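Novice: As input, take structure-v1.cif (mmCIF, C-alpha atoms, pLDDT in the B column; chains and numbers go by the auth columns):
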data_final
loop_
_atom_site.group_PDB
_atom_site.id
_atom_site.type_symbol
_atom_site.label_atom_id
_atom_site.label_comp_id
_atom_site.label_asym_id
_atom_site.label_seq_id
_atom_site.Cartn_x
_atom_site.Cartn_y
_atom_site.Cartn_z
_atom_site.B_iso_or_equiv
_atom_site.auth_seq_id
_atom_site.auth_asym_id
ATOM 1 C CA GLY A 1 0.000 0.000 0.000 79.00 1 A
ATOM 2 C CA GLY A 2 0.912 3.629 -0.085 90.00 2 A
ATOM 3 C CA ILE A 3 -0.029 6.938 1.392 93.00 3 A
ATOM 4 C CA ILE A 4 -0.664 10.510 0.322 95.00 4 A
ATOM 5 C CA THR A 5 0.536 13.255 2.638 96.00 5 A
ATOM 6 C CA GLN A 6 -0.677 16.843 2.409 97.00 6 A
ATOM 7 C CA THR A 7 0.925 19.775 4.181 97.00 7 A
ATOM 8 C CA PRO A 8 -0.102 21.845 5.938 96.00 8 A
ATOM 9 C CA LYS A 9 -3.308 20.411 7.371 95.00 9 A
ATOM 10 C CA PHE A 10 -4.637 23.926 8.053 95.00 10 A
ATOM 11 C CA LEU A 11 -3.513 27.060 6.244 95.00 11 A
ATOM 12 C CA ILE A 12 -4.513 30.558 7.272 94.00 12 A
ATOM 13 C CA GLY A 13 -3.631 33.456 5.020 92.00 13 A
ATOM 14 C CA GLN A 14 -4.397 37.078 4.366 92.00 14 A
ATOM 15 C CA GLU A 15 -6.368 38.315 1.397 93.00 15 A
ATOM 16 C CA GLY A 16 -3.964 38.928 -1.508 94.00 16 A
ATOM 17 C CA GLN A 17 -1.303 36.605 -0.126 95.00 17 A
ATOM 18 C CA LYS A 18 0.433 33.929 -2.201 96.00 18 A
ATOM 19 C CA LEU A 19 -0.020 30.533 -0.526 96.00 19 A
ATOM 20 C CA THR A 20 1.455 27.118 -1.353 97.00 20 A
ATOM 21 C CA LEU A 21 0.011 23.703 -0.594 97.00 21 A
ATOM 22 C CA LYS A 22 2.112 20.553 -0.885 98.00 22 A
ATOM 23 C CA CYS A 23 1.334 16.920 -1.653 98.00 23 A
ATOM 24 C CA GLN A 24 3.534 13.815 -1.543 98.00 24 A
ATOM 25 C CA GLN A 25 2.683 10.247 -2.609 97.00 25 A
ATOM 26 C CA ASN A 26 4.643 7.029 -2.250 96.00 26 A
ATOM 27 C CA PHE A 27 2.493 4.870 -4.541 95.00 27 A
ATOM 28 C CA ASN A 28 4.914 5.602 -7.420 95.00 28 A
ATOM 29 C CA HIS A 29 1.861 6.774 -9.388 95.00 29 A
ATOM 30 C CA ASP A 30 2.325 8.688 -12.627 94.00 30 A
ATOM 31 C CA THR A 31 -0.722 10.959 -12.372 94.00 31 A
ATOM 32 C CA MET A 32 -1.526 13.444 -9.639 96.00 32 A
ATOM 33 C CA TYR A 33 -4.469 15.790 -9.132 96.00 33 A
ATOM 34 C CA TRP A 34 -5.546 18.823 -7.146 97.00 34 A
ATOM 35 C CA TYR A 35 -9.231 19.272 -6.302 96.00 35 A
ATOM 36 C CA ARG A 36 -11.105 21.979 -4.442 95.00 36 A
ATOM 37 C CA GLN A 37 -14.073 21.098 -2.237 93.00 37 A
ATOM 38 C CA ASP A 38 -16.447 23.876 -1.164 90.00 38 A
ATOM 39 C CA SER A 39 -19.001 23.325 1.555 82.00 39 A
ATOM 40 C CA GLY A 40 -22.058 21.556 0.149 75.00 40 A
ATOM 41 C CA LYS A 41 -20.433 20.993 -3.218 78.00 41 A
ATOM 42 C CA GLY A 42 -18.580 18.166 -4.839 85.00 42 A
ATOM 43 C CA LEU A 43 -14.918 18.164 -5.747 92.00 43 A
ATOM 44 C CA ARG A 44 -13.797 20.283 -8.690 93.00 44 A
ATOM 45 C CA LEU A 45 -10.576 19.653 -10.583 94.00 45 A
ATOM 46 C CA ILE A 46 -8.023 22.491 -10.467 96.00 46 A
ATOM 47 C CA TYR A 47 -4.915 20.963 -12.065 97.00 47 A
ATOM 48 C CA TYR A 48 -3.610 17.535 -12.908 95.00 48 A
ATOM 49 C CA SER A 49 -0.244 16.177 -13.989 96.00 49 A
ATOM 50 C CA ILE A 50 0.189 13.078 -16.144 93.00 50 A
ATOM 51 C CA THR A 51 3.867 12.682 -15.323 92.00 51 A
ATOM 52 C CA GLU A 52 6.830 14.564 -13.849 92.00 52 A
ATOM 53 C CA ASN A 53 7.067 18.146 -15.226 91.00 53 A
ATOM 54 C CA ASP A 54 3.669 17.868 -16.952 94.00 54 A
ATOM 55 C CA LEU A 55 0.830 20.226 -16.050 96.00 55 A
ATOM 56 C CA GLN A 56 -2.760 20.228 -17.314 94.00 56 A
ATOM 57 C CA LYS A 57 -5.486 22.716 -16.403 95.00 57 A
ATOM 58 C CA GLY A 58 -8.707 21.486 -14.932 93.00 58 A
ATOM 59 C CA ASP A 59 -12.057 23.241 -14.688 90.00 59 A
ATOM 60 C CA LEU A 60 -11.008 25.691 -11.976 93.00 60 A
ATOM 61 C CA SER A 61 -7.389 26.633 -12.773 95.00 61 A
ATOM 62 C CA GLU A 62 -7.763 30.430 -12.854 95.00 62 A
ATOM 63 C CA GLY A 63 -6.058 31.946 -9.806 94.00 63 A
ATOM 64 C CA TYR A 64 -3.863 28.890 -9.234 97.00 64 A
ATOM 65 C CA ASP A 65 -0.435 27.645 -10.341 97.00 65 A
ATOM 66 C CA ALA A 66 0.895 24.125 -9.971 98.00 66 A
ATOM 67 C CA SER A 67 4.299 22.478 -10.016 97.00 67 A
ATOM 68 C CA ARG A 68 5.354 18.820 -10.517 96.00 68 A
ATOM 69 C CA GLU A 69 9.129 18.788 -10.216 89.00 69 A
ATOM 70 C CA LYS A 70 9.315 15.220 -8.955 95.00 70 A
ATOM 71 C CA LYS A 71 7.166 12.185 -9.655 95.00 71 A
ATOM 72 C CA SER A 72 6.282 11.896 -5.977 97.00 72 A
ATOM 73 C CA SER A 73 5.279 15.504 -5.307 97.00 73 A
ATOM 74 C CA PHE A 74 2.735 17.995 -6.623 98.00 74 A
ATOM 75 C CA SER A 75 2.394 21.549 -5.309 98.00 75 A
ATOM 76 C CA LEU A 76 -0.460 23.991 -5.700 98.00 76 A
ATOM 77 C CA THR A 77 -0.079 27.766 -5.308 97.00 77 A
ATOM 78 C CA VAL A 78 -2.942 30.153 -4.711 96.00 78 A
ATOM 79 C CA THR A 79 -1.545 33.197 -6.508 96.00 79 A
ATOM 80 C CA SER A 80 -3.610 35.822 -4.637 94.00 80 A
ATOM 81 C CA ALA A 81 -5.858 34.525 -1.883 93.00 81 A
ATOM 82 C CA GLN A 82 -9.431 35.832 -1.861 91.00 82 A
ATOM 83 C CA LYS A 83 -12.019 35.548 0.897 83.00 83 A
ATOM 84 C CA ASN A 84 -14.152 33.209 -1.242 71.00 84 A
ATOM 85 C CA GLU A 85 -11.176 30.823 -1.484 70.00 85 A
ATOM 86 C CA MET A 86 -12.075 29.224 1.828 84.00 86 A
ATOM 87 C CA ALA A 87 -12.325 25.549 1.018 92.00 87 A
ATOM 88 C CA VAL A 88 -10.680 22.183 1.461 94.00 88 A
ATOM 89 C CA PHE A 89 -8.037 21.277 -1.114 95.00 89 A
ATOM 90 C CA LEU A 90 -7.617 17.575 -1.823 96.00 90 A
ATOM 91 C CA CYS A 91 -4.691 15.940 -3.584 97.00 91 A
ATOM 92 C CA ALA A 92 -5.021 12.573 -5.312 95.00 92 A
ATOM 93 C CA SER A 93 -2.902 10.200 -7.365 95.00 93 A
ATOM 94 C CA SER A 94 -3.527 7.327 -9.772 92.00 94 A
ATOM 95 C CA PRO A 95 -1.414 4.958 -11.889 90.00 95 A
ATOM 96 C CA GLY A 96 -2.614 6.687 -15.073 83.00 96 A
ATOM 97 C CA THR A 97 -5.472 8.699 -16.552 78.00 97 A
ATOM 98 C CA GLY A 98 -7.523 5.912 -18.123 73.00 98 A
ATOM 99 C CA GLY A 99 -10.172 5.422 -15.464 72.00 99 A
ATOM 100 C CA TYR A 100 -7.805 4.105 -12.799 80.00 100 A
ATOM 101 C CA GLU A 101 -8.688 4.371 -9.136 85.00 101 A
ATOM 102 C CA GLN A 102 -7.706 7.692 -7.574 90.00 102 A
ATOM 103 C CA TYR A 103 -6.317 7.685 -4.031 92.00 103 A
ATOM 104 C CA PHE A 104 -6.897 10.800 -1.955 94.00 104 A
ATOM 105 C CA GLY A 105 -4.971 12.622 0.737 95.00 105 A
ATOM 106 C CA PRO A 106 -6.596 13.998 3.925 94.00 106 A
ATOM 107 C CA GLY A 107 -6.828 17.552 2.592 94.00 107 A
ATOM 108 C CA THR A 108 -5.647 21.065 3.453 96.00 108 A
ATOM 109 C CA ARG A 109 -8.268 23.430 4.880 94.00 109 A
ATOM 110 C CA LEU A 110 -7.667 26.986 3.720 94.00 110 A
ATOM 111 C CA THR A 111 -9.014 30.020 5.590 93.00 111 A
ATOM 112 C CA VAL A 112 -8.493 33.522 4.236 93.00 112 A
ATOM 113 C CA LEU A 113 -8.824 36.406 6.697 88.00 113 A
ATOM 114 C CA GLN B 1 -20.522 18.867 -20.011 81.00 1 B
ATOM 115 C CA GLN B 2 -21.158 16.042 -17.562 87.00 2 B
ATOM 116 C CA LYS B 3 -23.482 16.918 -14.693 91.00 3 B
ATOM 117 C CA VAL B 4 -23.786 14.709 -11.624 95.00 4 B
ATOM 118 C CA GLN B 5 -26.561 15.239 -9.064 96.00 5 B
ATOM 119 C CA GLN B 6 -27.057 13.402 -5.784 97.00 6 B
ATOM 120 C CA SER B 7 -30.170 12.975 -3.673 97.00 7 B
ATOM 121 C CA PRO B 8 -31.136 13.362 -0.984 97.00 8 B
ATOM 122 C CA GLU B 9 -28.907 16.155 0.285 95.00 9 B
ATOM 123 C CA SER B 10 -29.055 14.654 3.764 96.00 10 B
ATOM 124 C CA LEU B 11 -30.422 11.419 5.181 97.00 11 B
ATOM 125 C CA THR B 12 -30.963 10.112 8.691 97.00 12 B
ATOM 126 C CA VAL B 13 -31.529 6.410 9.249 97.00 13 B
ATOM 127 C CA SER B 14 -31.731 4.175 12.273 96.00 14 B
ATOM 128 C CA GLU B 15 -28.940 1.748 12.978 96.00 15 B
ATOM 129 C CA GLY B 16 -29.672 -1.494 11.138 89.00 16 B
ATOM 130 C CA ALA B 17 -32.132 -0.036 8.624 93.00 17 B
ATOM 131 C CA MET B 18 -31.179 0.062 4.934 95.00 18 B
ATOM 132 C CA ALA B 19 -29.798 3.392 3.643 97.00 19 B
ATOM 133 C CA SER B 20 -30.300 4.238 -0.032 98.00 20 B
ATOM 134 C CA LEU B 21 -28.515 7.061 -1.837 98.00 21 B
ATOM 135 C CA ASN B 22 -29.116 8.194 -5.409 98.00 22 B
ATOM 136 C CA CYS B 23 -26.997 9.716 -8.162 98.00 23 B
ATOM 137 C CA THR B 24 -28.010 10.832 -11.657 97.00 24 B
ATOM 138 C CA PHE B 25 -25.622 11.776 -14.446 96.00 25 B
ATOM 139 C CA SER B 26 -26.100 13.469 -17.801 94.00 26 B
ATOM 140 C CA ASP B 27 -23.755 11.659 -20.216 89.00 27 B
ATOM 141 C CA GLY B 28 -24.928 8.168 -21.111 87.00 28 B
ATOM 142 C CA THR B 29 -21.546 7.246 -22.607 86.00 29 B
ATOM 143 C CA SER B 30 -19.989 7.272 -19.110 88.00 30 B
ATOM 144 C CA ASN B 31 -18.552 3.914 -18.161 87.00 31 B
ATOM 145 C CA ASN B 32 -16.903 4.379 -14.798 90.00 32 B
ATOM 146 C CA PHE B 33 -18.834 5.004 -11.571 94.00 33 B
ATOM 147 C CA ARG B 34 -17.553 5.200 -8.015 95.00 34 B
ATOM 148 C CA TRP B 35 -18.990 5.805 -4.598 97.00 35 B
ATOM 149 C CA TYR B 36 -16.707 7.440 -2.007 96.00 36 B
ATOM 150 C CA ARG B 37 -17.147 8.015 1.717 96.00 37 B
ATOM 151 C CA GLN B 38 -15.681 11.061 3.441 93.00 38 B
ATOM 152 C CA HIS B 39 -15.536 11.260 7.203 90.00 39 B
ATOM 153 C CA SER B 40 -15.183 14.732 8.655 80.00 40 B
ATOM 154 C CA ALA B 41 -11.762 16.308 7.951 69.00 41 B
ATOM 155 C CA LYS B 42 -10.496 13.178 6.230 76.00 42 B
ATOM 156 C CA GLY B 43 -9.782 12.102 2.679 83.00 43 B
ATOM 157 C CA LEU B 44 -12.037 10.087 0.429 90.00 44 B
ATOM 158 C CA GLU B 45 -12.325 6.324 0.785 92.00 45 B
ATOM 159 C CA VAL B 46 -13.596 4.399 -2.240 93.00 46 B
ATOM 160 C CA LEU B 47 -16.451 2.037 -1.354 96.00 47 B
ATOM 161 C CA VAL B 48 -17.608 0.540 -4.646 96.00 48 B
ATOM 162 C CA SER B 49 -16.552 0.901 -8.288 94.00 49 B
ATOM 163 C CA ILE B 50 -18.975 -0.254 -11.003 94.00 50 B
ATOM 164 C CA PHE B 51 -18.432 -0.310 -14.750 92.00 51 B
ATOM 165 C CA SER B 52 -21.451 -2.136 -16.244 93.00 52 B
ATOM 166 C CA ASP B 53 -25.196 -2.201 -15.690 95.00 53 B
ATOM 167 C CA GLY B 54 -26.397 -4.264 -12.770 97.00 54 B
ATOM 168 C CA GLU B 55 -25.216 -4.649 -9.202 97.00 55 B
ATOM 169 C CA LYS B 56 -21.815 -4.708 -7.514 97.00 56 B
ATOM 170 C CA GLU B 57 -21.470 -5.647 -3.871 97.00 57 B
ATOM 171 C CA GLU B 58 -18.543 -4.824 -1.598 97.00 58 B
ATOM 172 C CA GLY B 59 -19.327 -6.031 1.906 97.00 59 B
ATOM 173 C CA ARG B 60 -22.323 -4.047 3.224 97.00 60 B
ATOM 174 C CA PHE B 61 -22.211 -1.642 0.277 98.00 61 B
ATOM 175 C CA THR B 62 -24.054 -2.388 -3.002 98.00 62 B
ATOM 176 C CA ALA B 63 -24.029 -0.166 -6.078 98.00 63 B
ATOM 177 C CA HIS B 64 -26.722 -0.492 -8.713 98.00 64 B
ATOM 178 C CA LEU B 65 -26.146 1.011 -12.169 97.00 65 B
ATOM 179 C CA ASN B 66 -28.774 1.661 -14.841 96.00 66 B
ATOM 180 C CA ARG B 67 -27.143 3.627 -17.655 94.00 67 B
ATOM 181 C CA ALA B 68 -30.331 3.804 -19.731 94.00 68 B
ATOM 182 C CA ASN B 69 -31.928 5.725 -16.856 96.00 69 B
ATOM 183 C CA LEU B 70 -28.711 7.683 -16.169 96.00 70 B
ATOM 184 C CA HIS B 71 -28.851 6.486 -12.569 97.00 71 B
ATOM 185 C CA VAL B 72 -26.525 4.845 -10.085 98.00 72 B
ATOM 186 C CA SER B 73 -27.449 4.139 -6.482 98.00 73 B
ATOM 187 C CA LEU B 74 -25.700 3.023 -3.309 98.00 74 B
ATOM 188 C CA HIS B 75 -27.382 0.834 -0.705 98.00 75 B
ATOM 189 C CA ILE B 76 -25.856 0.377 2.713 98.00 76 B
ATOM 190 C CA ARG B 77 -26.991 -2.751 4.528 97.00 77 B
ATOM 191 C CA GLU B 78 -27.166 -2.640 8.357 96.00 78 B
ATOM 192 C CA PRO B 79 -25.675 0.856 8.691 96.00 79 B
ATOM 193 C CA GLN B 80 -23.825 1.672 11.893 96.00 80 B
ATOM 194 C CA PRO B 81 -23.145 5.042 13.570 95.00 81 B
ATOM 195 C CA SER B 82 -19.570 4.812 12.239 94.00 82 B
ATOM 196 C CA ASP B 83 -21.038 4.997 8.712 96.00 83 B
ATOM 197 C CA SER B 84 -22.143 8.585 9.414 96.00 84 B
ATOM 198 C CA ALA B 85 -20.262 10.602 6.790 96.00 85 B
ATOM 199 C CA VAL B 86 -20.635 12.386 3.456 95.00 86 B
ATOM 200 C CA TYR B 87 -21.079 10.039 0.493 97.00 87 B
ATOM 201 C CA LEU B 88 -19.900 11.206 -2.909 96.00 88 B
ATOM 202 C CA CYS B 89 -20.787 9.799 -6.316 96.00 89 B
ATOM 203 C CA ALA B 90 -18.170 10.213 -9.071 94.00 90 B
ATOM 204 C CA VAL B 91 -18.599 9.534 -12.783 93.00 91 B
ATOM 205 C CA SER B 92 -15.987 9.353 -15.534 86.00 92 B
ATOM 206 C CA GLY B 93 -15.159 7.797 -18.875 72.00 93 B
ATOM 207 C CA ILE B 94 -17.250 9.725 -21.396 63.00 94 B
ATOM 208 C CA ALA B 95 -16.680 8.752 -25.016 56.00 95 B
ATOM 209 C CA SER B 96 -15.802 12.280 -26.184 58.00 96 B
ATOM 210 C CA SER B 97 -12.759 12.616 -23.931 60.00 97 B
ATOM 211 C CA SER B 98 -9.460 10.767 -23.807 58.00 98 B
ATOM 212 C CA PHE B 99 -8.849 11.953 -20.258 68.00 99 B
ATOM 213 C CA SER B 100 -11.005 10.062 -17.808 71.00 100 B
ATOM 214 C CA LYS B 101 -11.901 13.010 -15.576 81.00 101 B
ATOM 215 C CA LEU B 102 -13.887 12.266 -12.450 88.00 102 B
ATOM 216 C CA VAL B 103 -16.972 14.481 -12.091 91.00 103 B
ATOM 217 C CA PHE B 104 -18.369 14.495 -8.571 93.00 104 B
ATOM 218 C CA GLY B 105 -21.838 15.012 -7.207 95.00 105 B
ATOM 219 C CA GLN B 106 -22.356 17.435 -4.334 95.00 106 B
ATOM 220 C CA GLY B 107 -22.630 14.671 -1.756 95.00 107 B
ATOM 221 C CA THR B 108 -25.215 13.176 0.586 96.00 108 B
ATOM 222 C CA SER B 109 -24.690 13.641 4.307 95.00 109 B
ATOM 223 C CA LEU B 110 -25.698 10.438 6.084 97.00 110 B
ATOM 224 C CA SER B 111 -26.414 10.238 9.817 97.00 111 B
ATOM 225 C CA VAL B 112 -26.961 6.852 11.419 97.00 112 B
ATOM 226 C CA VAL B 113 -28.636 7.089 14.806 96.00 113 B
ATOM 227 C CA PRO B 114 -28.623 4.322 17.435 93.00 114 B
#
Since I need it in another form, could you write the structure as structure tokens?
Specialist:
Amino acid sequence: GGIITQTPKFLIGQEGQKLTLKCQQNFNHDTMYWYRQDSGKGLRLIYYSITENDLQKGDLSEGYDASREKKSSFSLTVTSAQKNEMAVFLCASSPGTGGYEQYFGPGTRLTVL
Amino acid sequence: QQKVQQSPESLTVSEGAMASLNCTFSDGTSNNFRWYRQHSAKGLEVLVSIFSDGEKEEGRFTAHLNRANLHVSLHIREPQPSDSAVYLCAVSGIASSSFSKLVFGQGTSLSVVP
């Protein structure tokens, strides 16, 4: 088995601040994902990466940057935090993109003051 | 664009009674359906994956897929208080896309009372 670790667990920032969320996986999976979960809503895809150094935009990429410098890690940056950014950010990984099972981390809860 | 809707929004059942959750989707070419459970402040745990019409059982959890009716359901047999969580339906695998993106419903909050 493997595990996905997300840091930090809670992130508090100021409006306008640049904030970075980190994700590590030891499954040796090729594909990694970042999702945003707002209260009462399902998960929405922000970015995904098919392999190391690859980046693909999801449905909600505006206002975010991502980085996949190593196969095992995937970072997400909120470029300028807004009050309506408050949400839980979930990282996931899968062996590939063809309908494989996705394994999720515990999430980072973002609060913008 | 794929739309996934879950009902009910919240559900309370007594311990031991059957719990039934519903999910409708808009793209009939979808071929990959999953039910996830999310306990408070934790990640998602996959319960059942189903890829063809009919039923798929995993322990106390049974998914039933009817693609003609654009409907997939989850039935939880003998629910326990520890099953209290948010349940998410996710659909992927539409014919028009090479990337099998998961599209999630908004979730059903289940409470199991003793």
Novice: Quick one: pull the distance between CA of Ser80 (chain A) and CA of Gly13 (chain A), Å, one decimal.
Specialist: 9.9 Å
Novice: I'd like to see the residues matched by the PyMOL selection byres ((chain A) within 9 of (chain B)) on this file, and ideally I'd get them as a ChimeraX atom specification.
Specialist: /A:39-45,88,90-91,97-109
Novice: Write out as a ChimeraX atom specification which residues come within 9 Å of Glu69 (chain A) when counting all atoms listed in the file, dropping same-chain ones fewer than 2 positions away.
Specialist: /A:52-54,67,71-75
Novice: I'd like to know which of B:Ala68, B:Leu47, B:Val112, B:Val13 is closest to Asp27 (chain B), using only C-alpha atoms.
Specialist: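 Using only C-alpha atoms, the shortest distance to Asp27 (chain B) belongs to B:Ala68.
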Novice: Exactly which residues make up the result of the PyMOL selection byres ((chain B and resi 15) around 12) on this file, given as a list in words?
Specialist: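 Going through the file, the PyMOL selection byres ((chain B and resi 15) around 12) ends up selecting Thr12, Val13, Ser14, Gly16, Ala17, Met18, Ala19, Ile76, Arg77, Glu78, Pro79, Gln80, Pro81, Ser82, Asp83, Ser84, Leu110, Ser111, Val112, Val113 and Pro114 of chain B.
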Novice: Between CA of Asn66 (chain B) and CA of Asn22 (chain B), what is the distance in Å, rounded to a tenth?
Specialist: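 If I compute the distance from CA of Asn66 (chain B) to CA of Asn22 (chain B), I get 11.5 Å.
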Novice: If I take CA of Glu58 (chain B) and CA of Phe25 (chain B), how far is one from the other in Å, to one decimal?
Specialist: 22.2 Å
Novice: Smallest atom-to-atom distance to Val72 (chain B): which of B:Cys23, B:Gln2, B:Pro8, B:Phe51, using all atoms listed in the file?
Specialist: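 Checking each candidate against Val72 (chain B), we get B:Cys23 as the closest.
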Novice: Let me have the centre and edge lengths of the axis-aligned box enclosing all listed atoms of region 67-77 of chain B with 4 Å padding on every side, in Å to one decimal, as lines of an AutoDock Vina configuration file.
Specialist:
center_x = -28.8
center_y = 2.5
center_z = -7.6
size_x = 14.2
size_y = 18.4
size_z = 32.3
Novice: Apply the PyMOL selection byres ((chain A and resi 11) around 10) to the displayed file and report the matching residues as a list of chain:residue names.
Specialist: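 Selection result, ordered by chain and number: A:Thr7, A:Pro8, A:Lys9, A:Phe10, A:Ile12, A:Gly13, A:Leu19, A:Thr20, A:Leu21, A:Met86, A:Val88, A:Thr108, A:Arg109, A:Leu110, A:Thr111, A:Val112.
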